[in-house]
Structures are given as structure tokens and as C-alpha cells.
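Notes for the one structure printed next.
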Amino acid sequence: MNIILLGPPGAGKGTQAAYLVDGRGMVQLSTGDMLRAAVAAGTPVGLQAKAIMAAGELVSDAIVTGILSERLDQDDVRRGFILDGYPRTPAQAAALEALLAEKGMHLDYVIVLAVDEEALVDRISGRFSCAKCGAGYHDRYKLPVRAGVCDVCGSTEFKRRPDDNAETVRTRLAEYRAKTAPILPFYEAKGLVRTVDGMAPIEDVKREIAAILDS
Ligand code: AMP
């Protein structure tokens, strides 16, 4: 089963993808994570992407499609993948079609997490993650059970994304509205879109997505 999780920043794509990885053995393909790894490693792609990401703008279609294409060539994606943060423009949606056809893969669903934009700045500006295993947390909605200790791996180090600040979030939302939302009709025409209420509690969203994948 191969799916796209689509929704603005803060909609819960990463949280729900993590559940699908744990529960179904699917592979999360987050182009944001791939770019952050490239930035951290100081690769040529990372050097090009760093300032663009810090400003909340979109990295070029060619760069992002290139890193995704390489990732899709690794064997583990055959277990089923979740695209998180890609495609983000109509050109990326077209590029994805070509990539999947070339690699003999297909999409089963495009799951849209519908959210109230007003809530997103609040959601995003409170989030942080474990520096060791990447488990996601939130200052108000999902604190570790033991203060300062990761529930998953026990690490006591946490980090926040530099682009999770109110100003950058507004740019990222504007980018979503202008460039990503317009790809929806393309997938609607293919009958792949299923919309889930992303404002519902995390467990409800998880259950709804499971129901779609099991249908
Ligand atoms: P995310 O982790 O998905 O919120 O992505 C963080 C940042 O990485 C975005 O604000 C963009 O600068 C960049 N990025 C991630 N995925 C893409 C993509 N598919 N196309 C262009 N830029 C991307």
C-alpha cells in the first residue's frame, strides 16, 4: 500500500506517518526529513536548501524530486510507503507520476488532513522532538510521560526545528495555499482522495486513516 499524506504544515502528517510505520511496517518518505539530513551533513543539496527552508519557502522541484527518486530506489520502500511533504507543487505531482510509472509502482490513496489554519501556528510553534530517535512531542498537547525523558528511547535531549516559528509558519502556510492545495483536483480526478478531519484528537485521526487503509 502506497499513500500520500497531504495537508498544510502542522496538520499531523508526521505524527500519523509514525503510527503507520509502527503499526504496519510502512516506510515514511518525508522530503523535509531528507532535506534536514542533507543540511546537517553539509552536502551540496543541503547547502542550497538551508536558507530556503529557514525562510519557509519551497526548495526547487528538481532538487526534491532528485532526492525522492534516489530514495524510491531503495528496497525497503517495497513494503509500502507514506509520502509526507511530497508532492508540494503541480510539477512535483507530475514528476511523481513519471517516477512511479518508471519504477513500476502505484498510489493507493491520497489522504488529506483537513485542518483549521488558525490552529496551525499554535500547533507548530509548540512542537519539539527527541534529538536521538525523532519521536514527536508538543508543549501543550503531547508532553513526554516523564518530564524531560523521551517515552520511546529514554533520551533526555530534545530539539526544535528552526523553521517552526510563527513568522516562518505563515510563509509555509502561504506556500501550501498557493502551490500545494492546487494539486488536489489532480488526485480527485483519479478517485484517490480521502479526506480526514485533522482537527480531531490524534487517536481519532489514526483510527479514521486505519479504516481507509483497511477498506
Ligand atoms: P516539512 O518537514 O515537510 O515541513 O518541510 C520543511 C521544509 O523543507 C519546507 O518548508 C521546504 O522548505 C522544504 N521541503 C520539504 N519538502 C519539500 C518539497 N516536496 N518541495 C519543496 N520544498 C520542500
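Going through the C-alpha cells in order, the chains are called A, B, and so on, while each chain numbers its residues from 1 and the ligands are numbered from 1 in the order shown.
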
Which chains and residue numbers are within 6 Å of ligand 1, counting only C-alpha atoms and all ligand atoms, if I want them as a VMD selection string?
-> chain A and resid 9 31 to 33 52 to 53 56 to 61 64 85 to 88 172

Non-local contacts of Thr180 of chain A (8 Å; only C-alpha atoms; under 2 positions in same chain excluded) as a list in words |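 Here the answer would be Pro87, Arg88, Thr89, Pro90, Glu175, Tyr176, Arg177, Ala178, Pro182, Ile183 and Leu184 of chain A.
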
How close does segment 99-193 of chain A get to segment 198-213 of chain A? List, as a Markdown table, each residue of segment 99-193 of chain A within 9 Å, its nearest atom pair and the distance in Å to one decimal, counting only C-alpha atoms.
```
| residue | atom | partner | partner_atom | distance |
| --- | --- | --- | --- | --- |
| A:Asp108 | CA | A:Leu213 | CA | 8.7 |
| A:Tyr109 | CA | A:Leu213 | CA | 8.1 |
| A:Ile111 | CA | A:Ile209 | CA | 7.7 |
| A:Val112 | CA | A:Gly198 | CA | 8.3 |
| A:Leu113 | CA | A:Gly198 | CA | 4.7 |
| A:Ala114 | CA | A:Gly198 | CA | 5.0 |
| A:Val115 | CA | A:Gly198 | CA | 5.1 |
| A:Asp116 | CA | A:Met199 | CA | 7.1 |
| A:Ala119 | CA | A:Met199 | CA | 8.6 |
```

Residue with the minimum atom-to-atom distance to Leu68 of chain A, picked from A:Ile4, A:Arg170, A:Gly14, A:Leu29 with only C-alpha atoms counted, is A:Leu29

Which residue gives the smallest distance to Ala94 of chain A among A:Ile124, A:Ala62, A:Ala41, A:Ala147, with only C-alpha atoms counted?
-> A:Ala62

Have a look at A:Gly25, A:Gly126, A:Pro162, A:Gly46 and name the one nearest to Asp139 of chain A; count only C-alpha atoms.
->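 Using only C-alpha atoms, Asp139 of chain A sits closest to A:Gly126.
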
Between A:Val39, A:Ala49, A:Leu96, A:Gly10, single out the one closest to Tyr187 of chain A, counting only C-alpha atoms.
-> A:Leu96

Just the residues within 10 Å of Arg161 of chain A, please, counting only C-alpha atoms, with nothing from its chain fewer than 5 positions along; format it as an MDAnalysis selection string.
-> chainID A and resid 36 54 124:125 127:129

Where does DSSP see helix (DSSP H, G or I) in segment 28-158 of chain A, if you list the residues as a PyMOL selection string?
-> chain A and resi 31-41+44-55+61-72+75-79+90-103+117-125
